[in-house]
Each structure stands twice: as structure tokens, then as C-alpha cells.
$ cat query-v1.pdb   # PDB, C-alpha atoms
ATOM      1  CA  MET A  25       8.475 -85.695  65.872
ATOM      2  CA  SER A  26       9.777 -82.804  63.815
ATOM      3  CA  ARG A  27       8.038 -79.638  64.827
ATOM      4  CA  ILE A  28       8.131 -76.282  63.094
ATOM      5  CA  THR A  29      10.283 -73.877  65.147
ATOM      6  CA  PRO A  30       9.087 -70.437  66.368
ATOM      7  CA  LYS A  31      11.366 -68.754  63.798
ATOM      8  CA  GLU A  32       9.961 -70.903  60.986
ATOM      9  CA  ILE A  33       6.422 -70.065  62.134
ATOM     10  CA  ILE A  34       7.104 -66.327  61.920
ATOM     11  CA  LEU A  35       8.870 -66.585  58.557
ATOM     12  CA  LYS A  36       5.886 -68.536  57.207
ATOM     13  CA  LEU A  37       3.428 -65.967  58.619
ATOM     14  CA  ILE A  38       5.255 -63.112  56.912
ATOM     15  CA  ASP A  39       5.828 -64.919  53.630
ATOM     16  CA  GLU A  40       2.573 -66.819  53.131
ATOM     17  CA  VAL A  41       0.009 -64.711  54.984
ATOM     18  CA  TRP A  42       1.267 -61.127  54.737
ATOM     19  CA  ASN A  43       3.267 -61.180  51.499
ATOM     20  CA  LYS A  44       1.204 -63.706  49.489
ATOM     21  CA  GLY A  45      -2.211 -63.312  51.105
ATOM     22  CA  ASN A  46      -2.729 -67.035  51.736
ATOM     23  CA  LEU A  47      -5.209 -66.547  54.556
ATOM     24  CA  ASP A  48      -5.848 -70.294  54.959
ATOM     25  CA  VAL A  49      -2.361 -70.611  56.435
ATOM     26  CA  VAL A  50      -3.549 -68.522  59.395
ATOM     27  CA  ASP A  51      -5.412 -71.573  60.755
ATOM     28  CA  GLU A  52      -2.158 -73.505  60.930
ATOM     29  CA  LEU A  53       0.002 -70.807  62.538
ATOM     30  CA  VAL A  54      -2.164 -68.575  64.716
ATOM     31  CA  CYS A  55      -3.731 -69.231  68.130
ATOM     32  CA  PRO A  56      -7.545 -68.672  68.116
ATOM     33  CA  LYS A  57      -6.953 -66.216  70.969
ATOM     34  CA  TYR A  58      -4.438 -63.699  69.608
ATOM     35  CA  GLU A  59      -3.582 -60.616  71.670
ATOM     36  CA  ILE A  60      -2.306 -57.339  70.199
ATOM     37  CA  LYS A  61      -0.457 -55.919  73.181
ATOM     38  CA  ASN A  62       0.939 -52.756  71.590
ATOM     39  CA  ASP A  63       0.572 -51.458  68.006
ATOM     40  CA  PRO A  64       0.018 -47.665  67.823
ATOM     41  CA  GLY A  65      -2.086 -46.657  64.833
ATOM     42  CA  ASP A  66      -3.505 -50.148  64.294
ATOM     43  CA  ALA A  67      -7.308 -50.356  64.495
ATOM     44  CA  TYR A  68      -6.997 -53.673  66.364
ATOM     45  CA  GLU A  69      -4.539 -52.466  69.054
ATOM     46  CA  PHE A  70      -5.293 -53.977  72.504
ATOM     47  CA  LYS A  71      -7.889 -56.329  71.014
ATOM     48  CA  THR A  72      -7.956 -60.109  71.291
ATOM     49  CA  LEU A  73      -8.497 -61.593  67.827
ATOM     50  CA  ASN A  74      -9.889 -64.935  66.775
ATOM     51  CA  LEU A  75      -8.901 -66.579  63.494
ATOM     52  CA  SER A  76     -11.644 -64.721  61.627
ATOM     53  CA  THR A  77     -10.756 -61.250  62.917
ATOM     54  CA  PHE A  78      -7.050 -62.044  62.435
ATOM     55  CA  LYS A  79      -7.774 -62.675  58.745
ATOM     56  CA  GLN A  80      -9.905 -59.512  58.541
ATOM     57  CA  ARG A  81      -6.967 -57.481  59.842
ATOM     58  CA  VAL A  82      -4.606 -58.920  57.206
ATOM     59  CA  LYS A  83      -7.232 -58.448  54.488
ATOM     60  CA  PHE A  84      -7.762 -54.808  55.525
ATOM     61  CA  THR A  85      -4.081 -54.010  54.939
ATOM     62  CA  ARG A  86      -3.765 -56.157  51.819
ATOM     63  CA  ASP A  87      -6.905 -54.598  50.280
ATOM     64  CA  ALA A  88      -5.427 -51.124  50.779
ATOM     65  CA  PHE A  89      -1.903 -52.158  49.673
ATOM     66  CA  PRO A  90      -2.346 -55.220  47.365
ATOM     67  CA  ASP A  91       1.371 -55.441  46.568
ATOM     68  CA  VAL A  92       2.423 -55.251  50.227
ATOM     69  CA  GLN A  93       5.794 -56.833  50.958
ATOM     70  CA  PHE A  94       7.499 -57.205  54.320
ATOM     71  CA  ASN A  95      11.266 -57.555  54.042
ATOM     72  CA  ILE A  96      12.824 -58.903  57.236
ATOM     73  CA  LYS A  97      16.204 -57.473  58.284
ATOM     74  CA  ASP A  98      16.908 -59.024  61.716
ATOM     75  CA  LEU A  99      15.385 -62.198  63.140
ATOM     76  CA  LEU A 100      16.132 -63.459  66.626
ATOM     77  CA  CYS A 101      14.429 -65.874  68.970
ATOM     78  CA  GLU A 102      14.622 -66.752  72.641
ATOM     79  CA  ASP A 103      12.236 -69.193  74.237
ATOM     80  CA  GLY A 104       8.759 -68.272  73.008
ATOM     81  CA  LYS A 105       9.614 -64.801  71.691
ATOM     82  CA  VAL A 106      10.638 -63.948  68.143
ATOM     83  CA  ALA A 107      11.796 -60.411  67.286
ATOM     84  CA  ILE A 108      12.010 -59.080  63.743
ATOM     85  CA  SER A 109      13.006 -55.743  62.255
ATOM     86  CA  TRP A 110      11.510 -55.072  58.853
ATOM     87  CA  PHE A 111      10.720 -52.756  55.967
ATOM     88  CA  MET A 112       7.230 -52.750  54.491
ATOM     89  CA  SER A 113       6.525 -51.475  51.001
ATOM     90  CA  GLY A 114       3.178 -51.185  49.269
ATOM     91  CA  THR A 115       1.091 -49.110  46.869
ATOM     92  CA  GLN A 116      -2.137 -47.647  48.254
ATOM     93  CA  GLU A 117      -4.951 -48.727  45.928
ATOM     94  CA  LYS A 118      -7.918 -48.299  48.265
ATOM     95  CA  ASP A 119      -9.140 -45.480  50.536
ATOM     96  CA  LEU A 120      -8.292 -45.627  54.218
ATOM     97  CA  PRO A 121      -9.938 -43.543  56.972
ATOM     98  CA  ASN A 122      -8.847 -39.919  56.308
ATOM     99  CA  LEU A 123      -6.445 -41.164  53.628
ATOM    100  CA  PRO A 124      -7.973 -41.328  50.135
ATOM    101  CA  ALA A 125      -6.094 -43.622  47.768
ATOM    102  CA  ALA A 126      -3.748 -41.843  45.370
ATOM    103  CA  GLY A 127      -1.717 -44.781  44.041
ATOM    104  CA  LYS A 128       1.309 -43.796  46.110
ATOM    105  CA  LYS A 129       3.958 -46.328  47.055
ATOM    106  CA  ILE A 130       5.239 -46.204  50.615
ATOM    107  CA  ASN A 131       8.253 -47.784  52.295
ATOM    108  CA  VAL A 132       8.346 -47.780  56.099
ATOM    109  CA  SER A 133      10.247 -49.546  58.852
ATOM    110  CA  GLY A 134       9.083 -51.269  62.008
ATOM    111  CA  LEU A 135       9.839 -53.937  64.571
ATOM    112  CA  THR A 136       7.667 -56.688  66.013
ATOM    113  CA  ILE A 137       8.001 -59.143  68.864
ATOM    114  CA  TYR A 138       5.808 -62.204  68.334
ATOM    115  CA  TYR A 139       4.828 -64.563  71.153
ATOM    116  CA  VAL A 140       4.757 -68.276  70.259
ATOM    117  CA  SER A 141       3.417 -71.038  72.462
ATOM    118  CA  GLU A 142       2.900 -74.715  71.606
ATOM    119  CA  GLY A 143       3.440 -74.114  67.908
ATOM    120  CA  LYS A 144       1.004 -71.198  67.587
ATOM    121  CA  ILE A 145       1.459 -67.433  67.556
ATOM    122  CA  THR A 146      -0.441 -65.987  70.525
ATOM    123  CA  GLY A 147       0.090 -62.269  69.937
ATOM    124  CA  HIS A 148       2.481 -59.424  69.186
ATOM    125  CA  TRP A 149       3.978 -56.142  70.422
ATOM    126  CA  GLN A 150       4.778 -53.798  67.512
ATOM    127  CA  VAL A 151       5.777 -50.285  66.534
ATOM    128  CA  PHE A 152       6.087 -49.043  62.969
ATOM    129  CA  ASP A 153       6.985 -45.590  61.706
ATOM    130  CA  ARG A 154       3.419 -44.405  61.147
ATOM    131  CA  LEU A 155       4.456 -40.750  60.844
ATOM    132  CA  ASN A 156       6.425 -41.790  57.770
ATOM    133  CA  VAL A 157       3.310 -43.468  56.325
ATOM    134  CA  LEU A 158       1.416 -40.179  56.644
ATOM    135  CA  ILE A 159       4.301 -38.171  55.198
ATOM    136  CA  GLN A 160       4.627 -40.507  52.207
ATOM    137  CA  LEU A 161       0.876 -40.508  51.577
ATOM    138  CA  GLU A 162       1.040 -36.696  51.851
ATOM    139  CA  ALA A 163      -1.803 -36.760  54.280
ATOM    140  CA  ASN A 164      -3.256 -33.486  55.395
ATOM    141  CA  ILE A 165      -3.299 -34.688  58.958
ATOM    142  CA  VAL A 166      -4.351 -31.383  60.454
ATOM    143  CA  ARG A 167      -7.418 -30.923  58.268
ATOM    144  CA  ASN A 168      -8.404 -34.496  58.891
ATOM    145  CA  GLY A 169      -8.236 -33.999  62.614
ATOM    146  CA  LEU A 170      -5.450 -36.489  63.310
ATOM    147  CA  ILE A 171      -3.401 -33.729  64.886
ATOM    148  CA  ALA A 172      -4.986 -31.094  67.147
TER     149      ALA A 172
ATOM    150  CA  MET B   8      36.632 -65.161  83.835
ATOM    151  CA  SER B   9      33.102 -63.954  84.417
ATOM    152  CA  ARG B  10      32.039 -61.708  81.595
ATOM    153  CA  ILE B  11      29.015 -59.426  81.475
ATOM    154  CA  THR B  12      26.393 -60.942  79.102
ATOM    155  CA  PRO B  13      24.840 -59.066  76.148
ATOM    156  CA  LYS B  14      21.558 -58.784  78.074
ATOM    157  CA  GLU B  15      23.328 -57.360  81.123
ATOM    158  CA  ILE B  16      25.150 -54.872  78.884
ATOM    159  CA  ILE B  17      21.873 -53.576  77.439
ATOM    160  CA  LEU B  18      20.149 -53.423  80.838
ATOM    161  CA  LYS B  19      23.111 -51.420  82.176
ATOM    162  CA  LEU B  20      23.026 -49.080  79.147
ATOM    163  CA  ILE B  21      19.331 -48.344  79.685
ATOM    164  CA  ASP B  22      19.531 -48.026  83.465
ATOM    165  CA  GLU B  23      22.831 -46.215  83.971
ATOM    166  CA  VAL B  24      23.272 -44.203  80.775
ATOM    167  CA  TRP B  25      19.744 -43.401  79.587
ATOM    168  CA  ASN B  26      17.762 -43.399  82.835
ATOM    169  CA  LYS B  27      20.411 -42.021  85.237
ATOM    170  CA  GLY B  28      22.601 -40.052  82.829
ATOM    171  CA  ASN B  29      25.882 -41.639  83.952
ATOM    172  CA  LEU B  30      27.725 -40.903  80.729
ATOM    173  CA  ASP B  31      31.044 -42.307  82.028
ATOM    174  CA  VAL B  32      29.509 -45.784  81.780
ATOM    175  CA  VAL B  33      29.399 -45.365  77.986
ATOM    176  CA  ASP B  34      33.183 -45.987  77.850
ATOM    177  CA  GLU B  35      32.668 -49.396  79.425
ATOM    178  CA  LEU B  36      29.723 -50.564  77.299
ATOM    179  CA  VAL B  37      29.913 -48.952  73.871
ATOM    180  CA  CYS B  38      32.187 -49.690  70.922
ATOM    181  CA  PRO B  39      34.099 -46.572  69.714
ATOM    182  CA  LYS B  40      32.587 -47.270  66.293
ATOM    183  CA  TYR B  41      28.806 -47.370  66.877
ATOM    184  CA  GLU B  42      26.486 -47.596  63.861
ATOM    185  CA  ILE B  43      22.874 -46.367  63.858
ATOM    186  CA  LYS B  44      21.420 -48.536  61.116
ATOM    187  CA  ASN B  45      17.796 -47.389  61.300
ATOM    188  CA  ASP B  46      16.145 -44.829  63.616
ATOM    189  CA  PRO B  47      13.591 -42.597  61.827
ATOM    190  CA  GLY B  48      13.374 -39.129  63.356
ATOM    191  CA  ASP B  49      16.736 -39.396  65.113
ATOM    192  CA  ALA B  50      19.251 -36.724  64.109
ATOM    193  CA  TYR B  51      22.025 -39.345  64.188
ATOM    194  CA  GLU B  52      20.279 -41.934  61.941
ATOM    195  CA  PHE B  53      22.721 -43.697  59.561
ATOM    196  CA  LYS B  54      25.716 -42.099  61.302
ATOM    197  CA  THR B  55      28.680 -43.898  62.854
ATOM    198  CA  LEU B  56      29.271 -42.503  66.348
ATOM    199  CA  ASN B  57      32.393 -42.475  68.483
ATOM    200  CA  LEU B  58      32.209 -42.397  72.283
ATOM    201  CA  SER B  59      32.035 -38.607  72.303
ATOM    202  CA  THR B  60      29.186 -38.304  69.781
ATOM    203  CA  PHE B  61      27.398 -41.224  71.478
ATOM    204  CA  LYS B  62      27.409 -39.217  74.716
ATOM    205  CA  GLN B  63      26.284 -36.081  72.852
ATOM    206  CA  ARG B  64      23.282 -37.988  71.504
ATOM    207  CA  VAL B  65      22.276 -39.163  75.000
ATOM    208  CA  LYS B  66      22.845 -35.672  76.409
ATOM    209  CA  PHE B  67      20.678 -34.118  73.688
ATOM    210  CA  THR B  68      17.682 -36.249  74.700
ATOM    211  CA  ARG B  69      18.338 -35.969  78.442
ATOM    212  CA  ASP B  70      18.693 -32.169  78.225
ATOM    213  CA  ALA B  71      15.298 -31.939  76.497
ATOM    214  CA  PHE B  72      13.667 -34.546  78.808
ATOM    215  CA  PRO B  73      15.672 -34.496  82.091
ATOM    216  CA  ASP B  74      13.362 -37.013  83.799
ATOM    217  CA  VAL B  75      13.484 -39.468  80.872
ATOM    218  CA  GLN B  76      12.809 -43.081  81.848
ATOM    219  CA  PHE B  77      12.880 -46.124  79.597
ATOM    220  CA  ASN B  78      10.787 -48.993  80.945
ATOM    221  CA  ILE B  79      11.622 -52.305  79.270
ATOM    222  CA  LYS B  80       8.754 -54.700  78.536
ATOM    223  CA  ASP B  81      10.342 -57.568  76.557
ATOM    224  CA  LEU B  82      14.005 -58.542  76.486
ATOM    225  CA  LEU B  83      15.355 -61.344  74.330
ATOM    226  CA  CYS B  84      18.796 -62.268  73.080
ATOM    227  CA  GLU B  85      20.234 -64.558  70.458
ATOM    228  CA  ASP B  86      23.929 -64.631  69.681
ATOM    229  CA  GLY B  87      25.059 -61.019  69.412
ATOM    230  CA  LYS B  88      21.607 -59.443  69.083
ATOM    231  CA  VAL B  89      19.459 -58.136  71.929
ATOM    232  CA  ALA B  90      15.872 -57.003  71.253
ATOM    233  CA  ILE B  91      13.873 -54.869  73.661
ATOM    234  CA  SER B  92      10.375 -53.401  73.573
ATOM    235  CA  TRP B  93       9.953 -50.347  75.756
ATOM    236  CA  PHE B  94       7.978 -47.327  76.890
ATOM    237  CA  MET B  95       9.728 -43.994  77.269
ATOM    238  CA  SER B  96       8.344 -41.214  79.447
ATOM    239  CA  GLY B  97       9.726 -37.726  79.943
ATOM    240  CA  THR B  98       8.858 -34.067  80.459
ATOM    241  CA  GLN B  99      10.052 -31.646  77.784
ATOM    242  CA  GLU B 100      12.006 -28.902  79.573
ATOM    243  CA  LYS B 101      14.067 -27.588  76.662
ATOM    244  CA  ASP B 102      13.252 -26.485  73.112
ATOM    245  CA  LEU B 103      13.743 -28.942  70.271
ATOM    246  CA  PRO B 104      13.853 -28.069  66.554
ATOM    247  CA  ASN B 105      10.297 -26.933  65.658
ATOM    248  CA  LEU B 106       9.110 -28.010  69.117
ATOM    249  CA  PRO B 107       9.303 -25.264  71.760
ATOM    250  CA  ALA B 108       9.316 -26.615  75.311
ATOM    251  CA  ALA B 109       5.955 -26.418  77.075
ATOM    252  CA  GLY B 110       6.592 -28.647  80.101
ATOM    253  CA  LYS B 111       4.523 -31.467  78.632
ATOM    254  CA  LYS B 112       5.050 -35.064  79.697
ATOM    255  CA  ILE B 113       5.049 -37.670  76.951
ATOM    256  CA  ASN B 114       4.828 -41.456  77.016
ATOM    257  CA  VAL B 115       5.698 -43.350  73.840
ATOM    258  CA  SER B 116       6.566 -46.889  72.824
ATOM    259  CA  GLY B 117       9.350 -48.296  70.693
ATOM    260  CA  LEU B 118      11.526 -51.294  69.985
ATOM    261  CA  THR B 119      15.277 -51.597  69.537
ATOM    262  CA  ILE B 120      17.619 -54.314  68.383
ATOM    263  CA  TYR B 121      21.141 -53.801  69.739
ATOM    264  CA  TYR B 122      24.204 -55.474  68.250
ATOM    265  CA  VAL B 123      26.820 -56.683  70.750
ATOM    266  CA  SER B 124      30.268 -57.981  69.882
ATOM    267  CA  GLU B 125      33.139 -58.844  72.237
ATOM    268  CA  GLY B 126      31.434 -57.226  75.203
ATOM    269  CA  LYS B 127      30.659 -53.899  73.484
ATOM    270  CA  ILE B 128      27.528 -52.516  71.820
ATOM    271  CA  THR B 129      28.342 -51.844  68.166
ATOM    272  CA  GLY B 130      25.056 -50.292  67.015
ATOM    273  CA  HIS B 131      21.285 -50.430  66.896
ATOM    274  CA  TRP B 132      18.195 -50.665  64.641
ATOM    275  CA  GLN B 133      15.230 -48.823  66.183
ATOM    276  CA  VAL B 134      11.732 -47.519  65.578
ATOM    277  CA  PHE B 135       9.725 -45.477  68.082
ATOM    278  CA  ASP B 136       6.263 -44.000  67.717
ATOM    279  CA  ARG B 137       7.400 -40.504  66.740
ATOM    280  CA  LEU B 138       3.933 -39.482  65.523
ATOM    281  CA  ASN B 139       2.762 -39.971  69.103
ATOM    282  CA  VAL B 140       5.559 -37.700  70.346
ATOM    283  CA  LEU B 141       4.313 -34.932  68.042
ATOM    284  CA  ILE B 142       0.684 -35.522  69.034
ATOM    285  CA  GLN B 143       1.510 -35.389  72.736
ATOM    286  CA  LEU B 144       3.636 -32.267  72.342
ATOM    287  CA  GLU B 145       0.736 -30.787  70.339
ATOM    288  CA  ALA B 146       3.122 -29.838  67.612
ATOM    289  CA  ASN B 147       1.800 -27.802  64.760
ATOM    290  CA  ILE B 148       3.631 -30.011  62.337
ATOM    291  CA  VAL B 149       2.150 -28.442  59.242
ATOM    292  CA  ARG B 150       3.119 -24.873  60.088
ATOM    293  CA  ASN B 151       6.581 -26.033  61.060
ATOM    294  CA  GLY B 152       7.056 -27.711  57.728
ATOM    295  CA  LEU B 153       7.380 -31.274  58.990
ATOM    296  CA  ILE B 154       4.427 -32.289  56.846
ATOM    297  CA  ALA B 155       3.891 -30.913  53.366
TER     298      ALA B 155
END
$ encode --input "query-v1.pdb" --output "C-alpha cells"
Amino acid sequence: MSRITPKEIILKLIDEVWNKGNLDVVDELVCPKYEIKNDPGDAYEFKTLNLSTFKQRVKFTRDAFPDVQFNIKDLLCEDGKVAISWFMSGTQEKDLPNLPAAGKKINVSGLTIYYVSEGKITGHWQVFDRLNVLIQLEANIVRNGLIA
Amino acid sequence: MSRITPKEIILKLIDEVWNKGNLDVVDELVCPKYEIKNDPGDAYEFKTLNLSTFKQRVKFTRDAFPDVQFNIKDLLCEDGKVAISWFMSGTQEKDLPNLPAAGKKINVSGLTIYYVSEGKITGHWQVFDRLNVLIQLEANIVRNGLIA
């Protein structure tokens, strides 16, 4: 029995789901109970997603940044954990809360640890440089109440 | 010959150097040519440090936040790479550029991948939630010119 490895699962998630928007692949890779343990600035932080809400979360980002591309720098795995460092680029084509679309392209860095069990991804722990997103979108974060 | 493992090296760096401020331990753990490959918001990003500038960087943070504590959540290792997810807490007791000290305690999350070769740490790739630092310090980031 040849089984897809945790690293291969994560590479496929990034390539097919995030970079190409093939949401059907989610069913193959993601556990129906997916926990977001840490992800500051993400609307789904601390939530447990099912396959439908997992796809909604991807669609939300891909609708706002249709050309989104994650470019993995480091990839390491031990037991059921896979860590990646990455750059994300994308052009904002749709309004986000407090951030009206202005066609600006951003490029930000982040890291994610994914948890994989029995061939499915069960959750993640992530931080990305969200201040840099706001700076690059030239957000007026005071007027919009994001900063006191 | 029993040699300290990459994981043990990173745990010792966090515990002894960052959490306790034992800068002498840097000589034992850190390569004299230490590269910061990615670390948005860090004054030493993209620089190559020697043991002296490595200690200066630690001292800079520990002077500003003397009670700084890094609390590791995930720890995984493959070959010469060690990934950690973490929370950092600390009370700001000293002014930082654009951020006058107000005795505020912060708690932020981040992830780091450390590179280890021949028993020494040769660099890192890191992202922490620096927007959350500014929010918790109630920085007026517009007036101080950090945001356009």
C-alpha cells in the first residue's frame, strides 16, 4: 500500500487548493474536523471547520486575491507535524472588511505548522506578517478602528 | 561521543539565552556567522551576526522586556532544521523606537525555523505577530510614521 506522505499532503494542499483553487481536492486531504489553533487576523481563528467551512475560508481569500500564490521556502516534517515557511503574493481585487480593493499587489511572509493524522490534515498553527499586509494595502488602520 | 541534538540546542537557546539572559551560553550554541534570513520588524533582519552582535540583539530585547519569556508550543526537527511555534510575553520597561515604555505587558505568537549545522545554530527564518505588539502597546503608529 503506497500512501501519500504528510509532506506530499501539504504540498498538494498548497499547490492544488490554495494556488490553483481546486476546492474538490479538499475532500481528499482535509479532516472533516479541522482545528485552527492559532492564526492572528484570520476570521476563522480558534474555530473548528468542516469541509464546507474549510472551502469557504479558501474561497474568501481567493476571491479577494484571485492570483494568490504561496511560495514555500522551508519544508520539514516530524511524525504528524509539517512546518513550512512561505511567501504569499496576491493582488487585491475585492473589498475586505475595512480594506476597500485598490488593485494593489502584496507580498508577505508567514509560517505554518500543519497537523496530519491518518492521511488527513487535522488543523494548523500559523502566524503571518499581517502588519505588512496593512502597510502594503495602505490601510488607514486608525480611522478604521483597527488600532485604538 | 554523546552530542547535543539540534532540538536540545534550540531548547537551551530559548531557555538559557532568551528566557534567563545567560549570554555566555551563546558561545556554546551559536555559529560565529549567523544569518537572519527573514524576520519582519527585527532591526537585524537580513544581517549576518557574529557572536557579539548576536548577544547585542538578545540584550536589546531583554533590556526592553526584562521579564521576557518564550513558551514553546510545537517543536519538530528534520535534518538540520528545527521549527518551533511559540508565545512570547514581556513587560516593556524601556523605550523602543517610536514606542515609549509604559509598563505594558504584551503576549504575542510567532514561529521560527532554526538552521543547525555541526552542533551550532547558523541562522533563522521567523515571523511574529508584530501588529499585535503595536496594538498591545497602544502605539500611535500613524503619528509615528510607521503607517503612511
$ atom_distance --input "query-v1.pdb" --atom1 "atom CA of A:Leu47" --atom2 "atom CA of A:Ser76"
9.7 Å
$ resolve_selection --input "query-v1.pdb" --expression "the PyMOL selection byres ((chain A) within 10 of (chain B))" --output "PyMOL selection string"
chain A and resi 62-65+97-110+132-137+149-156+158-160+162-167+170-172
$ write_last_selection --input "query-v1.pdb" --atoms "C-alpha atoms" --output "PDB file, keeping the file's coordinate frame"
ATOM      1  CA  ASN A  62       0.939 -52.756  71.590  1.00  0.00           C
ATOM      2  CA  ASP A  63       0.572 -51.458  68.006  1.00  0.00           C
ATOM      3  CA  PRO A  64       0.018 -47.665  67.823  1.00  0.00           C
ATOM      4  CA  GLY A  65      -2.086 -46.657  64.833  1.00  0.00           C
ATOM      5  CA  LYS A  97      16.204 -57.473  58.284  1.00  0.00           C
ATOM      6  CA  ASP A  98      16.908 -59.024  61.716  1.00  0.00           C
ATOM      7  CA  LEU A  99      15.385 -62.198  63.140  1.00  0.00           C
ATOM      8  CA  LEU A 100      16.132 -63.459  66.626  1.00  0.00           C
ATOM      9  CA  CYS A 101      14.429 -65.874  68.970  1.00  0.00           C
ATOM     10  CA  GLU A 102      14.622 -66.752  72.641  1.00  0.00           C
ATOM     11  CA  ASP A 103      12.236 -69.193  74.237  1.00  0.00           C
ATOM     12  CA  GLY A 104       8.759 -68.272  73.008  1.00  0.00           C
ATOM     13  CA  LYS A 105       9.614 -64.801  71.691  1.00  0.00           C
ATOM     14  CA  VAL A 106      10.638 -63.948  68.143  1.00  0.00           C
ATOM     15  CA  ALA A 107      11.796 -60.411  67.286  1.00  0.00           C
ATOM     16  CA  ILE A 108      12.010 -59.080  63.743  1.00  0.00           C
ATOM     17  CA  SER A 109      13.006 -55.743  62.255  1.00  0.00           C
ATOM     18  CA  TRP A 110      11.510 -55.072  58.853  1.00  0.00           C
ATOM     19  CA  VAL A 132       8.346 -47.780  56.099  1.00  0.00           C
ATOM     20  CA  SER A 133      10.247 -49.546  58.852  1.00  0.00           C
ATOM     21  CA  GLY A 134       9.083 -51.269  62.008  1.00  0.00           C
ATOM     22  CA  LEU A 135       9.839 -53.937  64.571  1.00  0.00           C
ATOM     23  CA  THR A 136       7.667 -56.688  66.013  1.00  0.00           C
ATOM     24  CA  ILE A 137       8.001 -59.143  68.864  1.00  0.00           C
ATOM     25  CA  TRP A 149       3.978 -56.142  70.422  1.00  0.00           C
ATOM     26  CA  GLN A 150       4.778 -53.798  67.512  1.00  0.00           C
ATOM     27  CA  VAL A 151       5.777 -50.285  66.534  1.00  0.00           C
ATOM     28  CA  PHE A 152       6.087 -49.043  62.969  1.00  0.00           C
ATOM     29  CA  ASP A 153       6.985 -45.590  61.706  1.00  0.00           C
ATOM     30  CA  ARG A 154       3.419 -44.405  61.147  1.00  0.00           C
ATOM     31  CA  LEU A 155       4.456 -40.750  60.844  1.00  0.00           C
ATOM     32  CA  ASN A 156       6.425 -41.790  57.770  1.00  0.00           C
ATOM     33  CA  LEU A 158       1.416 -40.179  56.644  1.00  0.00           C
ATOM     34  CA  ILE A 159       4.301 -38.171  55.198  1.00  0.00           C
ATOM     35  CA  GLN A 160       4.627 -40.507  52.207  1.00  0.00           C
ATOM     36  CA  GLU A 162       1.040 -36.696  51.851  1.00  0.00           C
ATOM     37  CA  ALA A 163      -1.803 -36.760  54.280  1.00  0.00           C
ATOM     38  CA  ASN A 164      -3.256 -33.486  55.395  1.00  0.00           C
ATOM     39  CA  ILE A 165      -3.299 -34.688  58.958  1.00  0.00           C
ATOM     40  CA  VAL A 166      -4.351 -31.383  60.454  1.00  0.00           C
ATOM     41  CA  ARG A 167      -7.418 -30.923  58.268  1.00  0.00           C
ATOM     42  CA  LEU A 170      -5.450 -36.489  63.310  1.00  0.00           C
ATOM     43  CA  ILE A 171      -3.401 -33.729  64.886  1.00  0.00           C
ATOM     44  CA  ALA A 172      -4.986 -31.094  67.147  1.00  0.00           C
TER      45      ALA A 172
END
$ resolve_selection --input "query-v1.pdb" --expression "the PyMOL selection byres ((chain B and resi 98-109) around 8)" --output "CSV table (one decimal) with C-alpha atoms, in the coordinates of the input"
chain,number,residue,atom,x,y,z
B,70,ASP,CA,18.7,-32.2,78.2
B,71,ALA,CA,15.3,-31.9,76.5
B,72,PHE,CA,13.7,-34.5,78.8
B,73,PRO,CA,15.7,-34.5,82.1
B,74,ASP,CA,13.4,-37.0,83.8
B,75,VAL,CA,13.5,-39.5,80.9
B,96,SER,CA,8.3,-41.2,79.4
B,97,GLY,CA,9.7,-37.7,79.9
B,110,GLY,CA,6.6,-28.6,80.1
B,111,LYS,CA,4.5,-31.5,78.6
B,112,LYS,CA,5.0,-35.1,79.7
B,113,ILE,CA,5.0,-37.7,77.0
B,144,LEU,CA,3.6,-32.3,72.3
B,146,ALA,CA,3.1,-29.8,67.6
B,151,ASN,CA,6.6,-26.0,61.1
$ resolve_selection --input "query-v1.pdb" --expression "the PyMOL selection byres ((chain A and resi 39-45) around 8)" --output "PyMOL selection string"
chain A and resi 35-38+46-47+49-50+82-83+86+91-94
$ atom_distance --input "query-v1.pdb" --atom1 "atom CA of B:Pro13" --atom2 "atom CA of B:Tyr51"
23.2 Å
$ closest_residue --input "query-v1.pdb" --among "A:Ile60, A:Ile33, A:Val54, A:Phe111" --to "A:Lys79" --atoms "all atoms listed in the file"
A:Val54
$ atom_distance --input "query-v1.pdb" --atom1 "atom CA of B:Leu36" --atom2 "atom CA of B:Phe53"
20.3 Å
$ closest_residue --input "query-v1.pdb" --among "A:Met112, A:Arg27, A:Gly147, A:Val157" --to "A:Asn74" --atoms "only C-alpha atoms"
A:Gly147
